[in-house]
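Undergrad: Once you've had a glance at the structure underneath, I'll fire off some questions.
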Amino acid sequence: AIGLFVGSYLNVVALRWFKPKSKSPQKLSNRSECPNCQRQLSFLEMLPIVSFLVLRRRCKNCQVAISWRYPLVESVTGLVFLFLALNFSNLTQLIVLTCLASIMIVIALIDLETQLIPDKLTLPSIAVFALLIALFQRNNFLDFLSSGLAFDHWLIGILIGVAIPGLIVVLTKGKGMGIGDIKLGGLIGLSLGGVYGLLALFLAFVIGAIVGLGLIAKNQANLKTALPFGPFMVAGWFLTLFFGPQIVAWYTNLAYL
């Protein structure tokens, strides 16, 4: 339930991130409104999932269709929070992870919309997490995947997270990835450590390749089409967070066959 409401808020954050502020006195309110008729929404109209179903996907005032984006992001965030609660029993660890997960979701939404990853999200997150590591590196709540991380593993993680996207930026002269992807890679590597950070990036490339080939097959893209890579990196981070140890164990067993 908390995840559903947080997902609704994250949608608003992502939609308003690069929206210019209106100087009109009538537009000074921070209340949510219909993007078509600008009518302020009531509390009941902002209930996650429920309002979408009750209103039958239409604005109560102008009857314009409500985007599927709203219930989709709310549902995904709710499921993410549920998975986190089921997999991480340490309360402090759960708080850190829900904050990180929320930031990752916002980054994916903004990049999907604008092909930009804001420094105001990645850099403070890296700084705060690095500070937590410096202060509490011996506490297990920062070792999300129970891999026995030492300080140098986090350091290796951020180096890998920065180096791989950075190399692609250099080789493609910024056409394959952007500077924002480098910073997001640093956050991924720092939060997961060396091995799992590398796995998250590998999964991101696999997911990106599958989506890209699918779009090409449907004639919706070609080899020169620019796709935002941030959502794939975020997907790789989530998959690694939830299934990383199982994937590594499977690969290890396969390598010894």
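If you're wondering about the labels, chains in the structure tokens are A, B, ... by order shown, residues count from 1 in each chain, ligands from 1 in order shown.
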If you run DSSP on this backbone, which residues of segment 32-234 of chain A come out as alpha helix (DSSP H), and could you give them as a CSV table (one decimal) with N, CA, C and O atoms, in the first residue's frame?
TA:
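New file part13.csv:
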```csv
chain,number,residue,atom,x,y,z
A,50,VAL,N,-7.2,2.8,-7.6
A,50,VAL,CA,-8.6,2.9,-7.4
A,50,VAL,C,-9.3,4.0,-8.2
A,50,VAL,O,-10.3,3.8,-8.9
A,51,SER,N,-8.7,5.2,-8.2
A,51,SER,CA,-9.3,6.3,-8.9
A,51,SER,C,-9.3,6.1,-10.4
A,51,SER,O,-10.3,6.4,-11.1
A,52,PHE,N,-8.3,5.4,-10.9
A,52,PHE,CA,-8.2,5.1,-12.3
A,52,PHE,C,-9.3,4.2,-12.8
A,52,PHE,O,-9.9,4.3,-13.8
A,53,LEU,N,-9.6,3.2,-11.9
A,53,LEU,CA,-10.7,2.2,-12.2
A,53,LEU,C,-12.0,2.9,-12.0
A,53,LEU,O,-12.9,2.7,-12.9
A,54,VAL,N,-12.3,3.6,-11.0
A,54,VAL,CA,-13.5,4.2,-10.7
A,54,VAL,C,-13.9,5.3,-11.8
A,54,VAL,O,-15.1,5.3,-12.2
A,69,ARG,N,0.2,5.2,-17.9
A,69,ARG,CA,1.4,5.4,-17.2
A,69,ARG,C,1.2,5.4,-15.7
A,69,ARG,O,2.0,4.9,-14.9
A,70,TYR,N,0.1,6.1,-15.3
A,70,TYR,CA,-0.1,6.3,-13.9
A,70,TYR,C,-0.3,5.0,-13.1
A,70,TYR,O,0.4,4.7,-12.1
A,71,PRO,N,-1.3,4.2,-13.5
A,71,PRO,CA,-1.5,2.9,-12.7
A,71,PRO,C,-0.3,2.0,-12.9
A,71,PRO,O,0.0,1.2,-12.0
A,72,LEU,N,0.4,2.0,-14.1
A,72,LEU,CA,1.5,1.1,-14.3
A,72,LEU,C,2.7,1.4,-13.3
A,72,LEU,O,3.2,0.5,-12.7
A,73,VAL,N,3.0,2.7,-13.2
A,73,VAL,CA,4.1,3.1,-12.3
A,73,VAL,C,3.7,2.8,-10.9
A,73,VAL,O,4.5,2.3,-10.1
A,74,GLU,N,2.5,3.1,-10.5
A,74,GLU,CA,2.0,2.8,-9.2
A,74,GLU,C,2.1,1.3,-8.9
A,74,GLU,O,2.5,0.9,-7.8
A,75,SER,N,1.6,0.5,-9.8
A,75,SER,CA,1.7,-1.0,-9.6
A,75,SER,C,3.1,-1.5,-9.5
A,75,SER,O,3.4,-2.3,-8.6
A,76,VAL,N,4.0,-1.0,-10.4
A,76,VAL,CA,5.4,-1.5,-10.3
A,76,VAL,C,6.0,-1.1,-9.0
A,76,VAL,O,6.7,-1.9,-8.4
A,77,THR,N,5.8,0.2,-8.6
A,77,THR,CA,6.4,0.6,-7.3
A,77,THR,C,5.9,-0.2,-6.2
A,77,THR,O,6.6,-0.6,-5.2
A,78,GLY,N,4.5,-0.5,-6.2
A,78,GLY,CA,4.0,-1.3,-5.1
A,78,GLY,C,4.6,-2.7,-5.1
A,78,GLY,O,4.9,-3.2,-4.0
A,79,LEU,N,4.8,-3.3,-6.3
A,79,LEU,CA,5.4,-4.6,-6.3
A,79,LEU,C,6.8,-4.6,-5.9
A,79,LEU,O,7.3,-5.5,-5.2
A,80,VAL,N,7.5,-3.6,-6.2
A,80,VAL,CA,8.9,-3.4,-5.8
A,80,VAL,C,9.0,-3.3,-4.3
A,80,VAL,O,9.8,-4.0,-3.6
A,81,PHE,N,8.2,-2.5,-3.7
A,81,PHE,CA,8.1,-2.4,-2.2
A,81,PHE,C,7.8,-3.7,-1.6
A,81,PHE,O,8.3,-4.1,-0.5
A,82,LEU,N,6.8,-4.4,-2.2
A,82,LEU,CA,6.4,-5.7,-1.6
A,82,LEU,C,7.6,-6.7,-1.7
A,82,LEU,O,7.9,-7.4,-0.7
A,83,PHE,N,8.3,-6.8,-2.8
A,83,PHE,CA,9.5,-7.7,-3.0
A,83,PHE,C,10.6,-7.3,-1.9
A,83,PHE,O,11.2,-8.2,-1.4
A,84,LEU,N,10.8,-6.0,-1.8
A,84,LEU,CA,11.8,-5.6,-0.8
A,84,LEU,C,11.4,-6.0,0.6
A,84,LEU,O,12.3,-6.5,1.4
A,85,ALA,N,10.1,-5.9,1.0
A,85,ALA,CA,9.7,-6.2,2.3
A,85,ALA,C,9.8,-7.7,2.5
A,85,ALA,O,10.1,-8.2,3.6
A,86,LEU,N,9.6,-8.5,1.5
A,86,LEU,CA,9.6,-10.0,1.6
A,86,LEU,C,11.1,-10.5,1.6
A,86,LEU,O,11.3,-11.6,2.2
A,87,ASN,N,12.0,-9.8,1.0
A,87,ASN,CA,13.4,-10.3,0.9
A,87,ASN,C,14.4,-9.6,1.8
A,87,ASN,O,15.4,-10.2,2.0
A,91,LEU,N,15.2,-3.7,9.2
A,91,LEU,CA,14.4,-2.4,8.9
A,91,LEU,C,15.3,-1.3,8.4
A,91,LEU,O,14.9,-0.6,7.4
A,92,THR,N,16.5,-1.1,8.9
A,92,THR,CA,17.4,-0.1,8.4
A,92,THR,C,17.7,-0.3,6.9
A,92,THR,O,17.7,0.6,6.1
A,93,GLN,N,18.0,-1.6,6.6
A,93,GLN,CA,18.3,-2.0,5.3
A,93,GLN,C,17.2,-1.7,4.3
A,93,GLN,O,17.3,-1.2,3.2
A,94,LEU,N,16.0,-2.0,4.8
A,94,LEU,CA,14.7,-1.8,4.0
A,94,LEU,C,14.5,-0.3,3.8
A,94,LEU,O,14.1,0.0,2.6
A,95,ILE,N,14.8,0.5,4.7
A,95,ILE,CA,14.6,2.0,4.5
A,95,ILE,C,15.6,2.5,3.5
A,95,ILE,O,15.2,3.2,2.6
A,96,VAL,N,16.8,2.1,3.6
A,96,VAL,CA,17.8,2.5,2.6
A,96,VAL,C,17.4,2.0,1.2
A,96,VAL,O,17.5,2.7,0.2
A,97,LEU,N,17.0,0.8,1.1
A,97,LEU,CA,16.6,0.2,-0.2
A,97,LEU,C,15.4,0.8,-0.8
A,97,LEU,O,15.3,1.0,-2.0
A,98,THR,N,14.4,1.1,0.0
A,98,THR,CA,13.2,1.7,-0.6
A,98,THR,C,13.5,3.1,-1.1
A,98,THR,O,13.0,3.6,-2.1
A,99,CYS,N,14.4,3.8,-0.4
A,99,CYS,CA,14.9,5.2,-0.9
A,99,CYS,C,15.6,5.0,-2.2
A,99,CYS,O,15.4,5.8,-3.2
A,100,LEU,N,16.6,4.1,-2.3
A,100,LEU,CA,17.3,3.8,-3.5
A,100,LEU,C,16.4,3.4,-4.6
A,100,LEU,O,16.5,3.9,-5.8
A,101,ALA,N,15.5,2.5,-4.3
A,101,ALA,CA,14.6,2.0,-5.4
A,101,ALA,C,13.7,3.1,-5.9
A,101,ALA,O,13.5,3.2,-7.1
A,102,SER,N,13.2,4.0,-5.0
A,102,SER,CA,12.4,5.1,-5.5
A,102,SER,C,13.2,6.1,-6.4
A,102,SER,O,12.7,6.5,-7.4
A,103,ILE,N,14.5,6.3,-6.0
A,103,ILE,CA,15.3,7.2,-6.9
A,103,ILE,C,15.6,6.5,-8.2
A,103,ILE,O,15.5,7.2,-9.3
A,104,MET,N,15.8,5.2,-8.2
A,104,MET,CA,16.0,4.5,-9.5
A,104,MET,C,14.8,4.6,-10.4
A,104,MET,O,14.9,4.7,-11.6
A,105,ILE,N,13.6,4.4,-9.8
A,105,ILE,CA,12.4,4.5,-10.6
A,105,ILE,C,12.2,5.9,-11.2
A,105,ILE,O,11.8,6.0,-12.4
A,106,VAL,N,12.4,6.9,-10.4
A,106,VAL,CA,12.3,8.3,-11.0
A,106,VAL,C,13.3,8.5,-12.1
A,106,VAL,O,13.0,9.1,-13.1
A,107,ILE,N,14.6,8.0,-11.9
A,107,ILE,CA,15.6,8.2,-12.9
A,107,ILE,C,15.2,7.5,-14.2
A,107,ILE,O,15.3,8.1,-15.3
A,108,ALA,N,14.6,6.3,-14.1
A,108,ALA,CA,14.1,5.6,-15.3
A,108,ALA,C,13.0,6.4,-16.0
A,108,ALA,O,13.0,6.5,-17.2
A,109,LEU,N,12.1,6.9,-15.3
A,109,LEU,CA,11.0,7.7,-15.8
A,109,LEU,C,11.4,8.9,-16.5
A,109,LEU,O,11.0,9.2,-17.6
A,110,ILE,N,12.3,9.7,-15.9
A,110,ILE,CA,12.8,10.9,-16.5
A,110,ILE,C,13.6,10.6,-17.7
A,110,ILE,O,13.5,11.3,-18.7
A,111,ASP,N,14.5,9.6,-17.7
A,111,ASP,CA,15.3,9.3,-18.8
A,111,ASP,C,14.5,8.8,-20.0
A,111,ASP,O,14.7,9.1,-21.2
A,112,LEU,N,13.4,8.0,-19.7
A,112,LEU,CA,12.5,7.6,-20.7
A,112,LEU,C,11.8,8.7,-21.4
A,112,LEU,O,11.5,8.7,-22.6
A,113,GLU,N,11.5,9.8,-20.6
A,113,GLU,CA,10.7,10.9,-21.2
A,113,GLU,C,11.7,11.9,-21.9
A,113,GLU,O,11.3,12.5,-22.9
A,114,THR,N,12.9,12.1,-21.3
A,114,THR,CA,13.7,13.2,-21.8
A,114,THR,C,15.1,12.8,-22.3
A,114,THR,O,15.8,13.6,-22.9
A,119,ASP,N,21.7,15.1,-12.7
A,119,ASP,CA,22.8,15.0,-11.7
A,119,ASP,C,22.2,15.2,-10.3
A,119,ASP,O,22.8,14.7,-9.3
A,120,LYS,N,21.1,15.9,-10.1
A,120,LYS,CA,20.6,16.2,-8.8
A,120,LYS,C,20.0,14.9,-8.2
A,120,LYS,O,19.7,14.9,-7.0
A,121,LEU,N,19.9,13.8,-8.9
A,121,LEU,CA,19.5,12.6,-8.4
A,121,LEU,C,20.7,11.6,-8.1
A,121,LEU,O,20.8,11.0,-7.1
A,122,THR,N,21.5,11.5,-9.1
A,122,THR,CA,22.6,10.5,-9.1
A,122,THR,C,23.7,11.0,-8.1
A,122,THR,O,24.2,10.2,-7.3
A,123,LEU,N,24.2,12.2,-8.2
A,123,LEU,CA,25.4,12.6,-7.5
A,123,LEU,C,25.1,12.7,-6.0
A,123,LEU,O,25.9,12.2,-5.2
A,124,PRO,N,24.0,13.3,-5.5
A,124,PRO,CA,23.7,13.2,-4.1
A,124,PRO,C,23.5,11.8,-3.5
A,124,PRO,O,23.9,11.5,-2.4
A,125,SER,N,22.9,10.9,-4.4
A,125,SER,CA,22.7,9.5,-4.0
A,125,SER,C,24.1,8.8,-3.8
A,125,SER,O,24.3,8.1,-2.8
A,126,ILE,N,25.0,9.1,-4.7
A,126,ILE,CA,26.3,8.5,-4.6
A,126,ILE,C,27.0,9.0,-3.3
A,126,ILE,O,27.6,8.3,-2.5
A,127,ALA,N,26.9,10.4,-3.1
A,127,ALA,CA,27.5,11.0,-1.9
A,127,ALA,C,27.0,10.4,-0.6
A,127,ALA,O,27.8,10.1,0.3
A,128,VAL,N,25.7,10.3,-0.5
A,128,VAL,CA,25.0,9.8,0.7
A,128,VAL,C,25.4,8.4,0.9
A,128,VAL,O,25.7,8.0,2.1
A,129,PHE,N,25.4,7.5,-0.1
A,129,PHE,CA,25.7,6.1,0.1
A,129,PHE,C,27.2,5.9,0.4
A,129,PHE,O,27.5,5.1,1.2
A,130,ALA,N,28.0,6.7,-0.2
A,130,ALA,CA,29.5,6.7,0.1
A,130,ALA,C,29.7,7.0,1.6
A,130,ALA,O,30.5,6.4,2.3
A,131,LEU,N,28.9,8.1,2.1
A,131,LEU,CA,29.0,8.5,3.5
A,131,LEU,C,28.6,7.3,4.4
A,131,LEU,O,29.2,7.1,5.4
A,132,LEU,N,27.5,6.7,4.0
A,132,LEU,CA,27.0,5.6,4.8
A,132,LEU,C,28.0,4.4,4.9
A,132,LEU,O,28.2,3.8,6.0
A,133,ILE,N,28.7,4.2,3.8
A,133,ILE,CA,29.7,3.2,3.7
A,133,ILE,C,30.9,3.5,4.7
A,133,ILE,O,31.4,2.7,5.4
A,134,ALA,N,31.3,4.8,4.6
A,134,ALA,CA,32.4,5.3,5.4
A,134,ALA,C,32.1,5.2,6.9
A,134,ALA,O,32.9,4.8,7.7
A,135,LEU,N,30.8,5.4,7.3
A,135,LEU,CA,30.4,5.4,8.7
A,135,LEU,C,30.0,4.0,9.2
A,135,LEU,O,30.3,3.7,10.4
A,136,PHE,N,29.4,3.2,8.3
A,136,PHE,CA,28.8,2.0,8.8
A,136,PHE,C,29.2,0.8,7.9
A,136,PHE,O,28.5,-0.1,7.7
A,151,PHE,N,35.3,-2.9,2.2
A,151,PHE,CA,35.4,-1.6,1.6
A,151,PHE,C,35.9,-1.5,0.2
A,151,PHE,O,35.3,-0.8,-0.6
A,152,ASP,N,36.9,-2.4,-0.1
A,152,ASP,CA,37.5,-2.3,-1.4
A,152,ASP,C,36.5,-2.9,-2.5
A,152,ASP,O,36.6,-2.5,-3.7
A,153,HIS,N,35.5,-3.7,-2.1
A,153,HIS,CA,34.5,-4.2,-3.0
A,153,HIS,C,33.6,-3.1,-3.5
A,153,HIS,O,33.2,-3.1,-4.6
A,154,TRP,N,33.2,-2.2,-2.6
A,154,TRP,CA,32.4,-1.1,-2.9
A,154,TRP,C,33.2,-0.2,-3.9
A,154,TRP,O,32.7,0.4,-4.8
A,155,LEU,N,34.5,0.0,-3.6
A,155,LEU,CA,35.3,0.8,-4.4
A,155,LEU,C,35.5,0.3,-5.8
A,155,LEU,O,35.3,1.0,-6.8
A,156,ILE,N,35.7,-1.1,-5.9
A,156,ILE,CA,35.8,-1.7,-7.2
A,156,ILE,C,34.4,-1.6,-7.9
A,156,ILE,O,34.4,-1.4,-9.1
A,157,GLY,N,33.3,-1.7,-7.1
A,157,GLY,CA,32.0,-1.6,-7.7
A,157,GLY,C,31.8,-0.2,-8.4
A,157,GLY,O,31.3,-0.2,-9.6
A,158,ILE,N,32.1,0.9,-7.8
A,158,ILE,CA,31.9,2.2,-8.4
A,158,ILE,C,32.9,2.4,-9.6
A,158,ILE,O,32.5,3.0,-10.6
A,159,LEU,N,34.1,1.8,-9.5
A,159,LEU,CA,35.0,1.9,-10.6
A,159,LEU,C,34.5,1.2,-11.8
A,159,LEU,O,34.6,1.7,-12.9
A,160,ILE,N,34.0,0.0,-11.6
A,160,ILE,CA,33.4,-0.8,-12.7
A,160,ILE,C,32.2,-0.1,-13.3
A,160,ILE,O,32.0,0.1,-14.5
A,161,GLY,N,31.3,0.4,-12.4
A,161,GLY,CA,30.1,1.1,-12.8
A,161,GLY,C,30.4,2.4,-13.6
A,161,GLY,O,29.6,2.7,-14.5
A,162,VAL,N,31.5,3.0,-13.3
A,162,VAL,CA,31.9,4.2,-14.1
A,162,VAL,C,32.7,3.9,-15.3
A,162,VAL,O,32.5,4.5,-16.4
A,163,ALA,N,33.5,2.9,-15.2
A,163,ALA,CA,34.5,2.6,-16.3
A,163,ALA,C,33.8,2.0,-17.6
A,163,ALA,O,34.1,2.5,-18.7
A,164,ILE,N,32.8,1.1,-17.4
A,164,ILE,CA,32.2,0.5,-18.5
A,164,ILE,C,31.4,1.5,-19.3
A,164,ILE,O,31.6,1.6,-20.6
A,165,PRO,N,30.4,2.2,-18.7
A,165,PRO,CA,29.7,3.2,-19.5
A,165,PRO,C,30.7,4.3,-20.1
A,165,PRO,O,30.5,4.8,-21.2
A,166,GLY,N,31.7,4.7,-19.2
A,166,GLY,CA,32.6,5.7,-19.7
A,166,GLY,C,33.4,5.3,-20.9
A,166,GLY,O,33.6,6.1,-21.8
A,167,LEU,N,33.8,4.0,-21.0
A,167,LEU,CA,34.5,3.5,-22.1
A,167,LEU,C,33.6,3.5,-23.4
A,167,LEU,O,34.1,3.9,-24.5
A,168,ILE,N,32.4,3.2,-23.2
A,168,ILE,CA,31.4,3.2,-24.3
A,168,ILE,C,31.2,4.7,-24.8
A,168,ILE,O,31.1,4.9,-26.0
A,169,VAL,N,31.1,5.6,-23.9
A,169,VAL,CA,31.0,7.0,-24.2
A,169,VAL,C,32.2,7.5,-25.1
A,169,VAL,O,32.0,8.2,-26.1
A,170,VAL,N,33.4,7.1,-24.6
A,170,VAL,CA,34.6,7.5,-25.4
A,170,VAL,C,34.6,6.9,-26.7
A,170,VAL,O,34.9,7.5,-27.8
A,171,LEU,N,34.4,5.6,-26.8
A,171,LEU,CA,34.5,4.8,-28.1
A,171,LEU,C,33.4,5.3,-29.1
A,171,LEU,O,33.7,5.3,-30.3
A,172,THR,N,32.2,5.6,-28.6
A,172,THR,CA,31.1,6.0,-29.5
A,172,THR,C,31.0,7.6,-29.6
A,172,THR,O,30.1,8.0,-30.3
A,179,ILE,N,26.8,11.1,-20.5
A,179,ILE,CA,27.5,11.3,-19.2
A,179,ILE,C,26.6,10.9,-18.0
A,179,ILE,O,27.1,10.3,-17.0
A,180,GLY,N,25.3,11.1,-18.2
A,180,GLY,CA,24.4,10.7,-17.1
A,180,GLY,C,24.5,9.2,-16.8
A,180,GLY,O,24.3,8.7,-15.7
A,181,ASP,N,24.7,8.4,-17.9
A,181,ASP,CA,24.8,6.9,-17.7
A,181,ASP,C,26.0,6.5,-16.9
A,181,ASP,O,26.0,5.6,-16.2
A,182,ILE,N,27.1,7.3,-17.1
A,182,ILE,CA,28.3,7.0,-16.3
A,182,ILE,C,28.0,7.2,-14.8
A,182,ILE,O,28.4,6.4,-14.0
A,183,LYS,N,27.3,8.3,-14.5
A,183,LYS,CA,27.0,8.6,-13.0
A,183,LYS,C,26.1,7.5,-12.5
A,183,LYS,O,26.2,7.1,-11.3
A,184,LEU,N,25.1,7.2,-13.3
A,184,LEU,CA,24.1,6.1,-12.8
A,184,LEU,C,24.9,4.8,-12.7
A,184,LEU,O,24.6,4.1,-11.7
A,185,GLY,N,25.8,4.5,-13.6
A,185,GLY,CA,26.6,3.3,-13.4
A,185,GLY,C,27.4,3.3,-12.1
A,185,GLY,O,27.6,2.3,-11.4
A,186,GLY,N,27.9,4.5,-11.8
A,186,GLY,CA,28.6,4.6,-10.5
A,186,GLY,C,27.8,4.3,-9.3
A,186,GLY,O,28.2,3.6,-8.4
A,187,LEU,N,26.5,4.8,-9.3
A,187,LEU,CA,25.6,4.5,-8.2
A,187,LEU,C,25.2,3.1,-8.2
A,187,LEU,O,25.2,2.5,-7.1
A,188,ILE,N,25.0,2.4,-9.3
A,188,ILE,CA,24.7,1.0,-9.4
A,188,ILE,C,25.9,0.2,-8.8
A,188,ILE,O,25.7,-0.7,-8.0
A,189,GLY,N,27.1,0.5,-9.3
A,189,GLY,CA,28.3,-0.3,-8.8
A,189,GLY,C,28.6,0.0,-7.3
A,189,GLY,O,28.9,-1.0,-6.6
A,190,LEU,N,28.4,1.2,-6.8
A,190,LEU,CA,28.6,1.5,-5.4
A,190,LEU,C,27.6,0.8,-4.5
A,190,LEU,O,28.0,0.3,-3.5
A,191,SER,N,26.4,0.7,-4.9
A,191,SER,CA,25.3,0.1,-4.1
A,191,SER,C,25.3,-1.4,-4.1
A,191,SER,O,24.9,-2.1,-3.2
A,192,LEU,N,25.9,-2.0,-5.2
A,192,LEU,CA,25.9,-3.5,-5.3
A,192,LEU,C,27.2,-4.1,-5.1
A,192,LEU,O,27.3,-5.3,-4.9
A,194,GLY,N,31.4,-4.9,-6.6
A,194,GLY,CA,32.0,-5.2,-7.8
A,194,GLY,C,31.3,-6.3,-8.7
A,194,GLY,O,30.9,-6.0,-9.8
A,195,VAL,N,31.1,-7.5,-8.1
A,195,VAL,CA,30.6,-8.6,-8.9
A,195,VAL,C,29.2,-8.3,-9.3
A,195,VAL,O,28.8,-8.5,-10.5
A,196,TYR,N,28.3,-7.9,-8.3
A,196,TYR,CA,26.9,-7.7,-8.6
A,196,TYR,C,26.7,-6.4,-9.5
A,196,TYR,O,25.7,-6.3,-10.2
A,197,GLY,N,27.6,-5.4,-9.3
A,197,GLY,CA,27.5,-4.2,-10.1
A,197,GLY,C,27.8,-4.6,-11.6
A,197,GLY,O,27.1,-4.1,-12.5
A,198,LEU,N,28.8,-5.5,-11.8
A,198,LEU,CA,29.1,-5.9,-13.2
A,198,LEU,C,27.9,-6.7,-13.7
A,198,LEU,O,27.5,-6.6,-14.9
A,199,LEU,N,27.3,-7.6,-12.9
A,199,LEU,CA,26.1,-8.3,-13.3
A,199,LEU,C,25.0,-7.4,-13.7
A,199,LEU,O,24.3,-7.7,-14.7
A,200,ALA,N,24.7,-6.4,-12.9
A,200,ALA,CA,23.6,-5.5,-13.2
A,200,ALA,C,23.8,-4.8,-14.6
A,200,ALA,O,22.9,-4.6,-15.4
A,201,LEU,N,25.1,-4.4,-14.9
A,201,LEU,CA,25.4,-3.7,-16.2
A,201,LEU,C,25.2,-4.7,-17.3
A,201,LEU,O,24.7,-4.4,-18.4
A,202,PHE,N,25.7,-6.0,-17.1
A,202,PHE,CA,25.5,-7.0,-18.1
A,202,PHE,C,24.0,-7.3,-18.4
A,202,PHE,O,23.7,-7.3,-19.6
A,203,LEU,N,23.2,-7.4,-17.4
A,203,LEU,CA,21.8,-7.6,-17.6
A,203,LEU,C,21.2,-6.4,-18.3
A,203,LEU,O,20.3,-6.5,-19.1
A,204,ALA,N,21.7,-5.2,-18.0
A,204,ALA,CA,21.2,-4.0,-18.7
A,204,ALA,C,21.4,-4.1,-20.2
A,204,ALA,O,20.5,-3.7,-21.0
A,205,PHE,N,22.6,-4.5,-20.6
A,205,PHE,CA,22.9,-4.6,-22.0
A,205,PHE,C,22.1,-5.7,-22.7
A,205,PHE,O,21.6,-5.5,-23.8
A,206,VAL,N,21.9,-6.8,-22.0
A,206,VAL,CA,21.0,-7.9,-22.5
A,206,VAL,C,19.6,-7.4,-22.7
A,206,VAL,O,19.0,-7.6,-23.8
A,207,ILE,N,19.0,-6.7,-21.7
A,207,ILE,CA,17.7,-6.2,-21.8
A,207,ILE,C,17.6,-5.2,-22.9
A,207,ILE,O,16.6,-5.2,-23.7
A,208,GLY,N,18.6,-4.3,-23.0
A,208,GLY,CA,18.6,-3.3,-24.0
A,208,GLY,C,18.6,-3.9,-25.4
A,208,GLY,O,18.0,-3.4,-26.3
A,209,ALA,N,19.5,-4.9,-25.6
A,209,ALA,CA,19.6,-5.6,-26.9
A,209,ALA,C,18.3,-6.2,-27.3
A,209,ALA,O,17.8,-6.1,-28.4
A,210,ILE,N,17.6,-6.9,-26.3
A,210,ILE,CA,16.3,-7.6,-26.6
A,210,ILE,C,15.3,-6.5,-27.0
A,210,ILE,O,14.6,-6.7,-28.0
A,211,VAL,N,15.2,-5.5,-26.3
A,211,VAL,CA,14.2,-4.4,-26.6
A,211,VAL,C,14.5,-3.8,-27.9
A,211,VAL,O,13.6,-3.6,-28.8
A,212,GLY,N,15.8,-3.5,-28.2
A,212,GLY,CA,16.2,-2.8,-29.4
A,212,GLY,C,15.9,-3.7,-30.6
A,212,GLY,O,15.3,-3.3,-31.6
A,213,LEU,N,16.2,-5.0,-30.5
A,213,LEU,CA,15.9,-5.9,-31.6
A,213,LEU,C,14.4,-6.1,-31.8
A,213,LEU,O,13.9,-6.2,-33.0
A,214,GLY,N,13.7,-6.1,-30.7
A,214,GLY,CA,12.2,-6.2,-30.8
A,214,GLY,C,11.6,-5.0,-31.6
A,214,GLY,O,10.7,-5.1,-32.4
A,215,LEU,N,12.1,-3.8,-31.3
A,215,LEU,CA,11.6,-2.6,-31.9
A,215,LEU,C,12.0,-2.6,-33.4
A,215,LEU,O,11.2,-2.1,-34.3
A,216,ILE,N,13.2,-3.1,-33.7
A,216,ILE,CA,13.6,-3.2,-35.1
A,216,ILE,C,12.8,-4.1,-35.9
A,216,ILE,O,12.4,-3.9,-37.0
A,217,ALA,N,12.5,-5.3,-35.2
A,217,ALA,CA,11.6,-6.3,-35.9
A,217,ALA,C,10.2,-5.8,-36.2
A,217,ALA,O,9.6,-6.2,-37.2
A,230,GLY,N,19.1,4.5,-19.5
A,230,GLY,CA,18.9,4.5,-18.1
A,230,GLY,C,17.9,3.5,-17.6
A,230,GLY,O,18.1,2.8,-16.6
A,231,PRO,N,16.7,3.4,-18.2
A,231,PRO,CA,15.7,2.4,-17.8
A,231,PRO,C,16.2,0.9,-17.8
A,231,PRO,O,15.9,0.1,-17.0
A,232,PHE,N,17.1,0.6,-18.8
A,232,PHE,CA,17.7,-0.7,-18.8
A,232,PHE,C,18.7,-0.9,-17.7
A,232,PHE,O,18.7,-2.0,-17.1
A,233,MET,N,19.4,0.1,-17.3
A,233,MET,CA,20.3,0.0,-16.2
A,233,MET,C,19.6,-0.2,-14.9
A,233,MET,O,20.0,-0.9,-14.0
A,234,VAL,N,18.5,0.6,-14.8
A,234,VAL,CA,17.6,0.4,-13.6
A,234,VAL,C,17.0,-1.0,-13.5
A,234,VAL,O,17.0,-1.6,-12.4
```
Undergrad: From the list A:Arg56, A:Gln246, A:Met177, A:Pro118, which residue is nearest Ala14 of chain A when using only C-alpha atoms?
TA: A:Pro118
Undergrad: Do you have the atom CA of Arg39 of chain A-atom CA of Val6 of chain A distance handy?
TA: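 Atom CA of Val6 of chain A lies 22.4 Å from atom CA of Arg39 of chain A.
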